[in-house]
Structures are given as C-alpha cells and as structure tokens.
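Student: Sending over run-v2.cif (mmCIF, C-alpha atoms).
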```cif
data_run
#
loop_
_atom_site.label_atom_id
_atom_site.label_comp_id
_atom_site.auth_asym_id
_atom_site.auth_seq_id
_atom_site.Cartn_x
_atom_site.Cartn_y
_atom_site.Cartn_z
CA MET A 1 -36.43 -51.30 1.46
CA ILE A 2 -32.70 -50.59 1.59
CA GLU A 3 -30.89 -48.35 -0.87
CA VAL A 4 -27.19 -48.98 -1.50
CA ILE A 5 -25.05 -46.15 -2.97
CA ALA A 6 -21.52 -47.01 -4.10
CA GLU A 7 -19.29 -44.13 -5.18
CA ILE A 8 -15.66 -44.22 -6.25
CA ILE A 9 -13.96 -41.16 -4.77
CA ARG A 10 -12.15 -38.73 -7.11
CA GLY A 11 -13.35 -40.24 -10.38
CA PRO A 12 -13.33 -43.45 -12.45
CA VAL A 13 -9.74 -43.26 -13.82
CA PHE A 14 -6.70 -44.63 -11.98
CA ILE A 15 -3.08 -45.49 -12.69
CA ALA A 16 -2.04 -49.06 -11.88
CA GLY A 17 -0.30 -48.90 -8.51
CA GLU A 18 -2.68 -46.25 -7.14
CA THR A 19 -5.03 -46.80 -4.23
CA LEU A 20 -8.72 -46.76 -5.14
CA HIS A 21 -11.06 -45.32 -2.49
CA CYS A 22 -14.78 -46.09 -2.44
CA GLN A 23 -17.59 -44.99 -0.17
CA ILE A 24 -20.58 -47.31 0.31
CA GLN A 25 -23.80 -46.16 1.96
CA PHE A 26 -26.65 -48.36 3.21
CA ILE A 27 -29.87 -46.39 3.73
CA ASN A 28 -33.08 -47.77 5.21
CA LYS A 29 -35.79 -46.08 3.15
CA SER A 30 -38.64 -47.69 5.11
CA THR A 31 -40.88 -45.76 7.48
CA ASN A 32 -42.11 -46.78 10.92
CA GLU A 33 -45.56 -47.61 9.51
CA GLN A 34 -44.05 -49.90 6.88
CA ASN A 35 -42.03 -51.74 9.52
CA SER A 36 -44.91 -52.20 11.98
CA THR A 37 -45.62 -55.67 10.56
CA ASN A 38 -41.94 -56.65 10.30
CA HIS A 39 -41.18 -59.66 12.48
CA ASN A 40 -37.70 -58.27 13.13
CA GLY A 41 -39.13 -55.15 14.76
CA ASN A 42 -38.56 -51.64 13.47
CA PHE A 43 -35.31 -52.38 11.67
CA GLU A 44 -34.01 -54.02 8.50
CA LYS A 45 -31.28 -56.63 8.75
CA ILE A 46 -28.45 -57.24 6.28
CA SER A 47 -26.46 -60.43 6.75
CA TRP A 48 -23.17 -59.33 5.19
CA ALA A 49 -21.44 -57.18 2.58
CA SER A 50 -18.10 -57.64 0.83
CA VAL A 51 -16.11 -55.76 -1.83
CA GLN A 52 -13.64 -56.89 -4.50
CA LEU A 53 -11.91 -55.52 -7.61
CA HIS A 54 -11.65 -57.63 -10.76
CA CYS A 55 -10.68 -57.38 -14.42
CA GLN A 56 -12.52 -59.29 -17.13
CA ARG A 57 -11.01 -60.19 -20.48
CA TYR A 58 -13.27 -60.65 -23.50
CA VAL A 59 -11.98 -62.08 -26.78
CA ASN A 60 -13.37 -62.38 -30.27
CA ASP A 61 -13.78 -66.15 -30.49
CA GLN A 62 -13.91 -66.05 -34.28
CA LYS A 63 -10.38 -64.65 -34.44
CA VAL A 64 -8.73 -65.61 -31.14
CA ASN A 65 -7.84 -69.16 -30.07
CA LEU A 66 -7.15 -69.38 -26.32
CA GLN A 67 -6.40 -73.11 -26.24
CA GLN A 68 -2.68 -72.41 -26.35
CA GLN A 69 -2.93 -70.16 -23.30
CA GLN A 70 -5.10 -72.63 -21.39
CA GLN A 71 -2.58 -75.41 -22.00
CA HIS A 72 0.18 -73.09 -20.83
CA HIS A 73 -1.63 -72.36 -17.55
CA GLN A 74 -2.24 -76.06 -16.91
CA HIS A 75 1.52 -76.65 -16.76
CA GLN A 76 2.14 -73.77 -14.35
CA THR A 77 2.33 -74.39 -10.62
CA THR A 78 -0.55 -73.09 -8.55
CA ASN A 79 1.07 -73.02 -5.12
CA THR A 80 2.14 -69.36 -5.29
CA LYS A 81 0.06 -67.17 -2.97
CA SER A 82 -0.41 -63.42 -3.29
CA ASN A 83 -3.00 -60.73 -2.67
CA ASP A 84 -3.62 -60.41 -6.41
CA SER A 85 -4.55 -63.68 -8.06
CA THR A 86 -6.25 -65.19 -11.04
CA ALA A 87 -9.84 -66.15 -10.34
CA THR A 88 -10.75 -69.83 -10.19
CA ASN A 89 -13.67 -71.61 -11.83
CA VAL A 90 -16.84 -70.25 -10.30
CA ASP A 91 -19.10 -72.98 -11.69
CA VAL A 92 -18.32 -75.27 -8.73
CA VAL A 93 -19.94 -72.80 -6.30
CA PRO A 94 -23.74 -73.24 -5.91
CA LEU A 95 -25.79 -70.26 -7.01
CA ASP A 96 -27.53 -70.09 -3.62
CA SER A 97 -24.24 -69.85 -1.73
CA THR A 98 -23.67 -66.92 0.63
CA ALA A 99 -20.08 -66.52 -0.57
CA LEU A 100 -19.09 -63.48 -2.64
CA ILE A 101 -18.54 -64.41 -6.28
CA ALA A 102 -17.55 -61.06 -7.78
CA THR A 103 -17.55 -62.42 -11.35
CA LYS A 104 -20.93 -64.15 -11.08
CA GLY A 105 -22.93 -63.45 -14.24
CA GLU A 106 -19.89 -62.09 -16.09
CA THR A 107 -18.71 -63.44 -19.42
CA GLY A 108 -15.13 -63.77 -20.54
CA GLN A 109 -12.13 -64.70 -18.40
CA THR A 110 -11.11 -63.13 -15.09
CA VAL A 111 -7.45 -62.09 -15.32
CA TYR A 112 -7.15 -60.14 -12.07
CA THR A 113 -8.92 -60.10 -8.70
CA SER A 114 -8.02 -58.34 -5.49
CA LYS A 115 -8.37 -59.87 -2.05
CA PRO A 116 -12.03 -59.75 -0.90
CA CYS A 117 -12.77 -57.28 1.88
CA VAL A 118 -15.66 -57.88 4.32
CA LEU A 119 -17.41 -54.63 5.19
CA PHE A 120 -19.66 -55.97 7.93
CA CYS A 121 -21.75 -58.88 9.20
CA ASP A 122 -25.22 -58.73 10.74
CA LEU A 123 -26.01 -55.04 10.15
CA LYS A 124 -29.27 -53.63 11.55
CA LEU A 125 -30.74 -50.41 10.13
CA HIS A 126 -33.65 -48.56 11.73
CA PRO A 127 -36.06 -46.58 9.49
CA GLY A 128 -34.28 -43.56 8.01
CA GLU A 129 -30.89 -44.68 9.33
CA THR A 130 -27.78 -44.45 7.13
CA ARG A 131 -24.52 -46.33 7.62
CA THR A 132 -21.44 -45.41 5.61
CA PHE A 133 -18.46 -47.68 5.02
CA SER A 134 -15.12 -46.89 3.39
CA TYR A 135 -13.13 -49.25 1.20
CA HIS A 136 -9.68 -48.85 -0.30
CA GLU A 137 -7.53 -51.17 -2.37
CA THR A 138 -4.20 -50.70 -4.14
CA ILE A 139 -4.42 -51.74 -7.79
CA SER A 140 -1.62 -54.08 -8.82
CA THR A 141 0.99 -52.73 -11.22
CA HIS A 142 1.10 -56.08 -13.09
CA VAL A 143 -2.26 -55.76 -14.80
CA PRO A 144 -3.41 -54.90 -18.34
CA PRO A 145 -4.90 -51.46 -19.01
CA THR A 146 -8.55 -50.85 -19.78
CA PHE A 147 -8.83 -51.56 -23.49
CA ARG A 148 -11.62 -52.03 -26.03
CA GLY A 149 -10.06 -53.59 -29.09
CA ASN A 150 -11.41 -55.60 -31.98
CA TYR A 151 -9.74 -58.82 -30.86
CA VAL A 152 -9.43 -58.41 -27.08
CA LYS A 153 -11.10 -56.23 -24.45
CA TYR A 154 -10.13 -55.59 -20.83
CA SER A 155 -12.73 -54.18 -18.43
CA TYR A 156 -12.39 -53.29 -14.71
CA LYS A 157 -15.16 -53.27 -12.13
CA LEU A 158 -15.57 -52.80 -8.41
CA THR A 159 -18.13 -55.35 -7.21
CA ILE A 160 -20.02 -55.14 -3.92
CA GLY A 161 -21.86 -58.25 -2.80
CA THR A 162 -24.52 -58.02 -0.11
CA GLN A 163 -27.39 -60.18 1.13
CA ARG A 164 -30.45 -59.53 3.23
CA VAL A 165 -31.86 -62.23 5.46
CA ASN A 166 -33.75 -64.89 3.45
CA CYS A 167 -32.94 -63.09 0.17
CA PRO A 168 -30.57 -63.91 -2.69
CA THR A 169 -27.18 -62.24 -2.97
CA THR A 170 -27.15 -58.88 -4.77
CA LEU A 171 -24.10 -57.76 -6.74
CA ILE A 172 -23.49 -54.04 -7.26
CA ARG A 173 -20.88 -53.13 -9.88
CA VAL A 174 -19.10 -49.83 -10.46
CA PRO A 175 -16.88 -49.68 -13.60
CA PHE A 176 -13.58 -47.83 -13.59
CA ARG A 177 -10.65 -47.30 -15.95
CA VAL A 178 -7.02 -48.31 -15.38
CA LEU A 179 -3.97 -46.80 -17.08
CA VAL A 180 -0.63 -48.61 -16.92
CA ILE A 181 2.83 -47.01 -16.83
CA PRO A 182 5.60 -49.39 -17.98
CA ASP A 183 8.18 -50.27 -15.30
CA LEU A 184 6.45 -48.23 -12.60
CA ASP A 185 7.76 -50.71 -10.03
CA LYS A 186 11.29 -49.57 -10.81
CA TYR A 187 10.49 -45.95 -10.00
CA ILE A 188 8.67 -46.94 -6.80
CA ARG A 189 11.71 -48.94 -5.66
CA GLN A 190 13.93 -45.95 -6.38
CA ASP A 191 11.66 -43.74 -4.28
CA LYS A 192 11.68 -46.20 -1.41
CA ALA A 193 15.47 -46.44 -1.51
CA ALA A 194 15.85 -42.66 -1.60
CA ILE A 195 13.44 -42.12 1.30
CA ALA A 196 15.11 -44.83 3.35
CA SER A 197 18.53 -43.33 2.62
CA SER A 198 17.38 -39.85 3.60
CA GLN A 199 16.12 -41.19 6.93
CA THR A 200 19.51 -42.82 7.64
CA GLY A 201 21.45 -39.73 6.65
CA ILE A 202 22.69 -41.04 3.27
CA LYS A 203 21.88 -38.65 0.44
CA VAL A 204 20.82 -40.12 -2.92
CA ASP A 205 20.41 -37.86 -5.95
CA ASN A 206 17.04 -39.03 -7.30
CA PRO A 207 15.07 -36.67 -9.61
CA PHE A 208 11.83 -38.53 -8.80
CA VAL A 209 11.88 -37.83 -5.06
CA CYS A 210 11.38 -34.55 -3.21
CA SER A 211 13.70 -34.22 -0.23
CA SER A 212 10.76 -33.51 2.10
CA ARG A 213 8.89 -36.74 1.31
CA THR A 214 8.74 -39.31 4.11
CA GLU A 215 6.48 -41.95 2.54
CA ILE A 216 5.66 -43.36 -0.88
CA ASP A 217 2.82 -41.84 -2.89
CA SER A 218 2.28 -43.98 -5.98
CA LEU A 219 0.45 -41.23 -7.89
CA THR A 220 3.22 -38.70 -7.26
CA THR A 221 5.85 -41.23 -8.32
CA ALA A 222 3.85 -42.10 -11.45
CA LEU A 223 3.44 -38.45 -12.48
CA ASP A 224 7.13 -37.78 -11.92
CA ALA A 225 8.00 -40.80 -14.05
CA LEU A 226 5.66 -39.62 -16.82
CA GLN A 227 7.27 -36.19 -16.77
CA ILE A 228 10.71 -37.70 -17.28
CA LEU A 229 9.61 -40.22 -19.93
CA THR A 230 7.77 -37.63 -22.04
CA SER A 231 10.12 -34.69 -21.60
CA ARG A 232 11.70 -33.12 -24.67
CA THR A 233 15.28 -34.38 -24.88
CA HIS A 234 16.28 -33.75 -28.49
CA GLN A 235 14.75 -33.24 -31.90
CA ASN A 236 14.19 -36.19 -34.20
CA VAL A 237 14.80 -35.45 -37.89
CA TYR A 238 13.66 -37.81 -40.66
CA ASN A 239 14.47 -37.50 -44.35
CA ILE A 240 11.53 -39.02 -46.23
CA SER A 241 12.46 -40.32 -49.68
CA ASN A 242 11.36 -42.69 -52.38
CA ASN A 243 13.24 -44.30 -55.24
CA ARG A 244 13.33 -40.98 -57.14
CA GLY A 245 14.78 -38.82 -54.38
CA ARG A 246 13.90 -36.89 -51.26
CA VAL A 247 10.29 -35.79 -50.75
CA CYS A 248 10.54 -33.78 -47.51
CA ARG A 249 12.21 -33.53 -44.13
CA LEU A 250 10.16 -34.15 -40.96
CA THR A 251 11.19 -32.78 -37.58
CA LEU A 252 9.50 -33.98 -34.36
CA PHE A 253 10.38 -32.42 -31.04
CA LYS A 254 10.00 -35.72 -29.15
CA SER A 255 8.84 -39.31 -29.71
CA ASN A 256 7.08 -40.10 -26.40
CA PHE A 257 3.74 -38.41 -25.72
CA LYS A 258 1.06 -38.38 -23.04
CA LEU A 259 -2.66 -38.74 -23.57
CA GLY A 260 -4.18 -35.33 -24.29
CA GLU A 261 -0.95 -33.85 -25.66
CA ASP A 262 -0.41 -32.42 -29.14
CA ILE A 263 2.08 -34.03 -31.50
CA LEU A 264 4.01 -31.05 -32.86
CA GLY A 265 6.52 -30.94 -35.67
CA THR A 266 7.58 -29.25 -38.90
CA ILE A 267 7.69 -30.49 -42.50
CA ASP A 268 10.26 -28.90 -44.82
CA PHE A 269 9.89 -29.11 -48.61
CA ASP A 270 12.84 -26.84 -49.38
CA ASN A 271 15.80 -28.30 -51.30
CA THR A 272 13.95 -31.50 -52.18
CA ASP A 273 14.14 -33.60 -55.32
CA ILE A 274 10.44 -34.25 -55.87
CA PRO A 275 7.60 -31.68 -55.73
CA CYS A 276 4.96 -32.68 -53.15
CA ILE A 277 1.40 -31.66 -54.00
CA GLN A 278 -0.49 -32.88 -50.94
CA TYR A 279 0.22 -34.73 -47.72
CA THR A 280 -1.97 -36.39 -45.10
CA VAL A 281 -0.87 -37.56 -41.66
CA THR A 282 -3.08 -39.70 -39.43
CA LEU A 283 -2.66 -40.83 -35.84
CA GLN A 284 -3.27 -44.59 -35.81
CA SER A 285 -3.26 -47.40 -33.28
CA GLU A 286 -2.35 -50.95 -34.22
CA GLU A 287 -3.78 -53.87 -32.26
CA ILE A 288 -1.47 -56.84 -32.77
CA LEU A 289 -2.58 -60.32 -31.76
CA ASN A 290 0.08 -62.82 -30.72
CA PRO A 291 0.55 -65.24 -33.67
CA ASN A 292 0.27 -68.21 -31.27
CA TYR A 293 -3.36 -67.30 -30.53
CA ARG A 294 -4.58 -66.52 -34.04
CA ARG A 295 -7.18 -68.82 -35.53
CA LYS A 296 -5.85 -67.96 -38.99
CA SER A 297 -2.21 -67.28 -39.69
CA SER A 298 -3.25 -64.71 -42.29
CA LEU A 299 -4.99 -62.55 -39.66
CA LEU A 300 -3.72 -58.98 -39.91
CA SER A 301 -3.36 -56.40 -37.17
CA ASN A 302 -6.35 -54.16 -36.50
CA ILE A 303 -5.67 -50.50 -37.35
CA THR A 304 -7.82 -47.68 -35.96
CA SER A 305 -7.48 -44.07 -37.12
CA TYR A 306 -8.02 -41.08 -34.85
CA THR A 307 -7.03 -37.49 -35.61
CA LYS A 308 -5.96 -36.46 -39.11
CA GLN A 309 -4.31 -33.49 -40.79
CA ALA A 310 -4.33 -32.91 -44.56
CA GLU A 311 -2.83 -30.01 -46.50
CA PHE A 312 -2.05 -29.00 -50.07
CA CYS A 313 1.62 -28.10 -50.13
CA LEU A 314 2.54 -27.39 -53.76
CA SER A 315 5.37 -24.80 -53.79
CA THR A 316 5.30 -24.67 -49.97
CA LEU A 317 8.72 -24.36 -48.34
CA GLN A 318 7.72 -25.28 -44.81
CA THR A 319 4.58 -26.16 -42.88
CA HIS A 320 3.73 -27.40 -39.40
CA LEU A 321 2.29 -30.61 -38.00
CA SER A 322 -0.19 -30.61 -35.11
CA LEU A 323 -2.21 -33.67 -34.08
CA SER A 324 -4.02 -34.00 -30.75
CA ILE A 325 -4.09 -37.30 -28.85
CA PRO A 326 -7.56 -38.04 -27.43
CA LEU A 327 -7.70 -38.58 -23.66
CA SER A 328 -10.01 -41.55 -24.17
CA CYS A 329 -7.38 -43.59 -26.05
CA THR A 330 -5.48 -46.53 -24.58
CA PRO A 331 -1.72 -45.94 -24.21
CA THR A 332 0.93 -48.24 -25.63
CA PHE A 333 1.04 -51.63 -23.91
CA SER A 334 2.16 -55.20 -24.52
CA MET A 335 0.72 -58.39 -23.04
CA ASP A 336 1.24 -62.05 -23.83
CA LEU A 337 -2.01 -62.19 -25.79
CA VAL A 338 -2.21 -58.78 -27.45
CA SER A 339 -0.21 -55.58 -27.78
CA LEU A 340 -1.10 -52.05 -28.84
CA ARG A 341 1.26 -49.80 -30.79
CA TRP A 342 0.91 -46.27 -32.11
CA LYS A 343 2.19 -44.67 -35.28
CA LEU A 344 1.90 -41.64 -37.52
CA HIS A 345 0.72 -42.73 -40.96
CA PHE A 346 1.88 -40.38 -43.76
CA GLU A 347 0.50 -40.28 -47.28
CA PHE A 348 2.24 -38.12 -49.87
CA VAL A 349 0.96 -37.21 -53.33
CA THR A 350 3.97 -36.25 -55.44
CA SER A 351 4.42 -35.09 -59.01
CA LYS A 352 6.21 -37.23 -61.54
CA ALA A 353 7.75 -34.09 -62.99
CA THR A 354 10.90 -32.92 -61.28
CA ARG A 355 10.69 -29.29 -62.41
CA SER A 356 8.97 -26.51 -60.51
CA PHE A 357 5.44 -25.51 -61.52
CA LEU A 358 6.10 -21.83 -60.83
CA PRO A 359 7.75 -19.82 -63.66
CA GLU A 360 11.19 -18.47 -62.91
CA ASN A 361 11.68 -14.72 -63.03
CA SER A 362 15.22 -13.34 -62.96
CA ASP A 363 14.05 -9.71 -63.09
CA PRO A 364 12.38 -8.68 -59.83
CA SER A 365 10.89 -5.54 -61.42
CA ALA A 366 9.00 -7.56 -64.03
CA SER A 367 5.72 -9.27 -63.29
CA THR A 368 4.81 -12.77 -64.31
CA THR A 369 1.51 -14.57 -64.56
CA TRP A 370 1.04 -18.17 -63.49
CA SER A 371 -2.00 -20.35 -64.00
CA THR A 372 -2.56 -23.83 -62.69
CA PRO A 373 -1.93 -26.68 -65.12
CA ASN A 374 -4.91 -28.59 -66.43
CA SER A 375 -3.52 -31.91 -65.26
CA ILE A 376 -0.55 -33.20 -63.28
CA GLU A 377 0.86 -36.69 -63.39
CA VAL A 378 1.10 -37.83 -59.80
CA GLU A 379 2.05 -40.83 -57.73
CA SER A 380 1.47 -41.58 -54.06
CA MET A 381 3.62 -43.04 -51.33
CA THR A 382 3.02 -43.98 -47.68
CA TRP A 383 5.32 -43.98 -44.68
CA ASP A 384 4.77 -44.97 -41.03
CA LEU A 385 6.56 -43.48 -38.04
CA PRO A 386 6.24 -45.44 -34.76
CA ILE A 387 5.64 -43.35 -31.64
CA LYS A 388 4.97 -44.18 -28.00
CA ILE A 389 1.93 -42.92 -26.12
CA LEU A 390 1.92 -43.03 -22.31
CA PRO A 391 -0.83 -42.35 -19.73
CA THR A 392 -1.60 -38.92 -18.34
CA ASN A 393 -2.67 -37.48 -15.02
CA PRO A 394 -5.86 -39.41 -14.09
CA TYR A 395 -7.45 -36.13 -12.97
CA PHE A 396 -7.31 -34.96 -16.62
CA ALA A 397 -8.71 -38.25 -17.94
CA ASN A 398 -11.64 -37.98 -15.50
CA ASN A 399 -12.89 -34.97 -17.47
CA VAL A 400 -13.72 -37.10 -20.52
CA ALA A 401 -14.66 -40.33 -18.75
CA LYS A 402 -17.89 -41.73 -20.15
CA VAL A 403 -18.60 -44.03 -17.20
CA SER A 404 -20.31 -43.03 -13.98
CA CYS A 405 -18.39 -43.56 -10.74
CA THR A 406 -21.64 -43.88 -8.74
CA THR A 407 -24.09 -46.80 -8.71
CA VAL A 408 -27.41 -46.82 -6.81
CA VAL A 409 -29.28 -50.10 -6.20
CA THR A 410 -32.30 -50.97 -4.07
CA ILE A 411 -32.26 -54.34 -2.32
#
```
Just give me the structure as structure tokens.

Tutor:
Amino acid sequence: MIEVIAEIIRGPVFIAGETLHCQIQFINKSTNEQNSTNHNGNFEKISWASVQLHCQRYVNDQKVNLQQQQQHHQHQTTNTKSNDSTATNVDVVPLDSTALIATKGETGQTVYTSKPCVLFCDLKLHPGETRTFSYHETISTHVPPTFRGNYVKYSYKLTIGTQRVNCPTTLIRVPFRVLVIPDLDKYIRQDKAAIASSQTGIKVDNPFVCSSRTEIDSLTTALDALQILTSRTHQNVYNISNNRGRVCRLTLFKSNFKLGEDILGTIDFDNTDIPCIQYTVTLQSEEILNPNYRRKSSLLSNITSYTKQAEFCLSTLQTHLSLSIPLSCTPTFSMDLVSLRWKLHFEFVTSKATRSFLPENSDPSASTTWSTPNSIEVESMTWDLPIKILPTNPYFANNVAKVSCTTVVTI
C-alpha cells in the first residue's frame, strides 16, 4: 500500500505569471510481514509519475452556444508550438494507456494545459520508505481567472498521474485559484529592460524596479503593478440628478480597487434641488456573455449582489459610503466568450415635494416642535457607477480560500 501526498506550497491562490511549487511524497505504508509474500521482494514498485496543470471551462449549455467558437478554431492554424497549449481530443487515447491524460474524467473544455513533467520512472520503495519530489511550473499570463459564473466557469487543477505495476493509472488532483492582472506582461518587460540596463550601466527610471534587483520576480512585479494601478490619484466627483434637479453629490477617492479593500466615499445632500429620504448602494458584478455565443438574443447579463449599505438621509447634509470587497470575488476580466464587470448600484427614494420638511426658525432663542408627516409622496430612481476591481496579494486571498492545497490518496 502506497500513500501519495500532494501539497501546493504557500497556499492555493496564485497570480497568473507566478511560479507554482508543489511537493509530492510517496510513502510505502506496508510492513515487512505484509511484503513477505510479494513476488517483487520487500519493496513496492511504481512504474511512473507525471504532473501537469490544466484549466477546465464549463458552460451552461442551455444559455451558451459554443458552435461559433468551434468553427472559429477549425479555421485557425495548428502548427504553432509553445509550452502552454490547448488540450487535444482525449477520446482517441485508449483508457488502458500508460500515458498521462490530465483531463481524463473531466467534463467541459480544456482551455489551458502546461507541459507535462515526468517525476520519475521505475521507483522502488521499501517498507516505511518515503520519497519526496518537487515540482514547479510558471502559470501563463494569457489565461482566464478562476471564475464561477452562471453562464461560464473556469476551474484550475494540478493533476498528478501515477501507475503501479499491473494496475490502472491513478489521477490525483489538487485545485488552486488563479488571479489575473491585466497587461502584466508589459510590466515584466519593463522590469527586464530596467535590470538589463542597470547591468550595462544605463540607468532607467522605472518605479516598478528596485535598484538592487538582479532578476525578475513575477510576484514582486505584480504587486508593484497593483500598487500603481490602485493608488489614489485624484478624487472623482459625480453630480447625481434626475429630470427635476440634483439629488446629491457623490465623491469617490479612487475608481480602481483591490480585492479586500473598502470602497470609501462621501455623499453630500447640501444645496440640492430634491430632498432625498433614503438611499441604498450595492456592490454588484455583471457577467456579460458575448452576443455571438448566446442561444437567445434576448439573454440578459447575470447580475450578482454582494455588500450593501442603506441609510435614511432625510435632512442629512452629508454622510459617508463604505463598502467592503470580499476577497473571494473574481476581479474584472474580459475574454472572448465572457467578461465580468463591476459597478456600484444606487437606489434613491426622493420626495416629490421640493420644500424642506423641517420648519424654519428665524429666531434662535425660540424653540420649535417638529413631528413627522403622516405620509410623503415619493419616487425612486436608480443609477449605476462602473468601477474596476483588481486582484490582491495572493497571501491575503489564501486566508479565505475554501479549497485545500493538500490531497492524500492511497494507491
């Protein structure tokens, strides 16, 4: 009996372009007494083991039509070779083959696979012996992020294939999450140019590169890029109005946010034309399917609500806005098939009366009494503000990851 333990080092969350490290242990759990009748002697023999990363795409067949995409791929040339490729049809491979088929038993379409890595061939383990192997692979930057939408889902797995002598192939899968930073390749190229220039004596003023760096670290480059993209540059002020006049003024300190951050802002009701009684703001994501792949042209985008803030604001001059972005969300992305956008959805309940509900008192020494009206004629309005949400440090996202980065299987 051999126990296989696969563990992804550091945690299950990575940024596209990072290098994933995995440790795989093969442990012979048998004792000398159990192996006394083994024709191979006092050891267990494993023929081979191989590792591969892959991404599976699952679609809602009732709403998504992939025939357009399949026809598009048929007209593309297939003579381009790279380390990261689209998987081929696995049905032509016999089920009893000794080859590694990382996607064997999976549903959906394989949109990304790494180059297979052979860990060993013909491994012999004596009772109680443990052999440890290390695997590392750089995740391509041209991949979709991990996403669980209503129309499309993207899921990443590390698959280990191994086979004992005269036994079927066993596949061991460890799920992990991928976050994608737009145009990360551009920042990596800038880092490489700056490091090369510093080694030749030419100084390049690059805010993404520390002068002491001598080699590229994709995670450091990604975090530096995120810091620049989500930094506070200037305030964004929006005057929200309807056909009767101005309702309020919204001020946001920035428009690009990272996962786990708080969306902060202020809402001013001073010097407005219409009294606002209540407002609600909701953080929403919008999953938009490419019209070319919709089974029905009338299919709408899928909207999902997350955090919400509601407040009664009658006679309020100013209030604040604070919405947290969950670390488990998927950042903004756009693919040929589907795209994900984020927005702040505002709902305002305003009064049809333009006068103030509070009585005016010109004499400060006199007291006045105010009671709420029995009824108020109101009307509602909605307004959407697009925002951009980017990934965060994968170490932070590991704290809320719901998937285990360790898989134990007995073969």

Student: Find the residues with any atom within 12 Å of (-0.3, -40.2, -45.6); use only C-alpha atoms and the coordinates as given in the file, and write the answer as a compact mmCIF listing (two decimals) with C-alpha atoms, in the frame of the given file.

Tutor:
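Generated file (point-v4.txt):
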```
# COMPACT_ATOMS: atom_id res chain seq x y z
CA ILE A 240 11.53 -39.02 -46.23
CA CYS A 276 4.96 -32.68 -53.15
CA GLN A 278 -0.49 -32.88 -50.94
CA TYR A 279 0.22 -34.73 -47.72
CA THR A 280 -1.97 -36.39 -45.10
CA VAL A 281 -0.87 -37.56 -41.66
CA THR A 282 -3.08 -39.70 -39.43
CA LEU A 283 -2.66 -40.83 -35.84
CA GLN A 284 -3.27 -44.59 -35.81
CA SER A 305 -7.48 -44.07 -37.12
CA LYS A 308 -5.96 -36.46 -39.11
CA GLN A 309 -4.31 -33.49 -40.79
CA ALA A 310 -4.33 -32.91 -44.56
CA GLU A 311 -2.83 -30.01 -46.50
CA LYS A 343 2.19 -44.67 -35.28
CA LEU A 344 1.90 -41.64 -37.52
CA HIS A 345 0.72 -42.73 -40.96
CA PHE A 346 1.88 -40.38 -43.76
CA GLU A 347 0.50 -40.28 -47.28
CA PHE A 348 2.24 -38.12 -49.87
CA VAL A 349 0.96 -37.21 -53.33
CA THR A 350 3.97 -36.25 -55.44
CA SER A 380 1.47 -41.58 -54.06
CA MET A 381 3.62 -43.04 -51.33
CA THR A 382 3.02 -43.98 -47.68
CA TRP A 383 5.32 -43.98 -44.68
CA ASP A 384 4.77 -44.97 -41.03
CA LEU A 385 6.56 -43.48 -38.04
```

Student: One decimal, Å: what's the distance from atom CA of A:Glu44 over to atom CA of A:Val409, could you say?

Tutor: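 These two atoms are separated by 15.9 Å.
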
Student: Skip A:Phe269 itself and residues of its chain fewer than 4 positions away, then list as a PyMOL selection string all residues within 9 Å of it, counting only C-alpha atoms.

Tutor: chain A and resi 247-249+274-276+313+315-319

Student: To one decimal place in Å, what is the distance between atom CA of A:Leu340 and atom CA of A:Thr307?

Tutor: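 Distance reported for this atom pair: 17.1 Å.
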
Student: Could you list, as an mmCIF file with C-alpha atoms, in the frame of the given file, every residue within 9 Å of A:Asn60, counting only C-alpha atoms and ignoring same-chain residues fewer than 6 positions away?

Tutor:
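For reference, selection-v4.cif as written:
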```cif
data_model
loop_
_atom_site.group_PDB
_atom_site.id
_atom_site.type_symbol
_atom_site.label_atom_id
_atom_site.label_comp_id
_atom_site.auth_asym_id
_atom_site.auth_seq_id
_atom_site.Cartn_x
_atom_site.Cartn_y
_atom_site.Cartn_z
ATOM 1 C CA ASN A 150 -11.410 -55.600 -31.980
ATOM 2 C CA TYR A 151 -9.740 -58.820 -30.860
ATOM 3 C CA VAL A 152 -9.430 -58.410 -27.080
ATOM 4 C CA LYS A 153 -11.100 -56.230 -24.450
#
```

Student: Using all atoms listed in the file, which of the listed residues (A:Val4, A:Ala194, A:Leu264, A:Ile288) sits closest to A:Val64?

Tutor: A:Ile288

Student: Measuring between only C-alpha atoms, which one of A:Leu179, A:Val403, A:Ile411, A:Ile277 shows the shortest distance to A:Cys167?

Tutor: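 Going through A:Leu179, A:Val403, A:Ile411, A:Ile277 one by one, the smallest distance to A:Cys167 is for A:Ile411.
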
Student: Suppose you want the space between atom CA of A:Ala49 and atom CA of A:Gln163; what is it in Å?

Tutor: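 Separation between atom CA of A:Ala49 and atom CA of A:Gln163: 6.8 Å.
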
Student: Using all atoms listed in the file, which of A:Cys405, A:Leu158, A:Val180, A:Val51 sits nearest A:Val118?

Tutor: A:Val51

Student: Spell out the residues picked by the PyMOL selection byres ((chain A and resi 260) around 8) here, as an mmCIF file with C-alpha atoms, keeping the file's coordinate frame.

Tutor:
```cif
data_model
loop_
_atom_site.group_PDB
_atom_site.id
_atom_site.type_symbol
_atom_site.label_atom_id
_atom_site.label_comp_id
_atom_site.auth_asym_id
_atom_site.auth_seq_id
_atom_site.Cartn_x
_atom_site.Cartn_y
_atom_site.Cartn_z
ATOM 1 C CA LYS A 258 1.060 -38.380 -23.040
ATOM 2 C CA LEU A 259 -2.660 -38.740 -23.570
ATOM 3 C CA GLU A 261 -0.950 -33.850 -25.660
ATOM 4 C CA ASP A 262 -0.410 -32.420 -29.140
ATOM 5 C CA SER A 324 -4.020 -34.000 -30.750
ATOM 6 C CA ILE A 325 -4.090 -37.300 -28.850
ATOM 7 C CA PRO A 326 -7.560 -38.040 -27.430
ATOM 8 C CA LEU A 327 -7.700 -38.580 -23.660
ATOM 9 C CA THR A 392 -1.600 -38.920 -18.340
#
```

Student: Point out the residue among A:Leu289, A:Cys117, A:Ala222, A:Leu229 with the least atom-to-atom distance to A:Lys63, counting all atoms listed in the file.

Tutor: A:Leu289

Student: Care to translate the PyMOL selection byres ((chain A and resi 245) around 8) into actual residues of this file, as number ranges by chain?

Tutor: A: 241-244, 246-247, 272-274

Student: Here is a test: counting all atoms listed in the file, which residue of A:Ile9, A:Phe312, A:Glu129, A:Ile160 is nearest to A:Val408?

Tutor: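 Among the listed residues, the smallest separation from A:Val408 belongs to A:Ile160.
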
Student: Pick out the closest residue to A:Thr221 from this set: A:Gln67, A:Ser375, A:Gln56, A:Asn393. Count only C-alpha atoms.

Tutor: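 Among the listed residues, A:Asn393 lies closest to A:Thr221.
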
Student: If the PyMOL selection byres ((chain A and resi 251) around 8) is run on the structure shown, which residues does it catch, given as a VMD selection string?

Tutor: chain A and resid 235 to 238 249 to 250 252 to 253 265 to 267

Student: Would you list the residues near (1.8, -58.7, -21.1) (no more than 12 Å away, in the coordinates of the file, using all atoms listed in the file) as a list in words?

Tutor: Val111, Thr141, His142, Val143, Pro144, Pro145, Val180, Pro182, Leu289, Asn290, Thr332, Phe333, Ser334, Met335, Asp336, Leu337, Val338, Ser339 and Leu340 of chain A

Student: Return as lines of an AutoDock Vina configuration file the centre and edge lengths, in Å with one decimal, of the box along x, y and z that encloses every atom of stretch 338-357 of chain A in the file, padded by 6 Å per side.

Tutor:
```
center_x = 4.3
center_y = -42.1
center_z = -45.2
size_x = 25.1
size_y = 45.3
size_z = 47.5
```
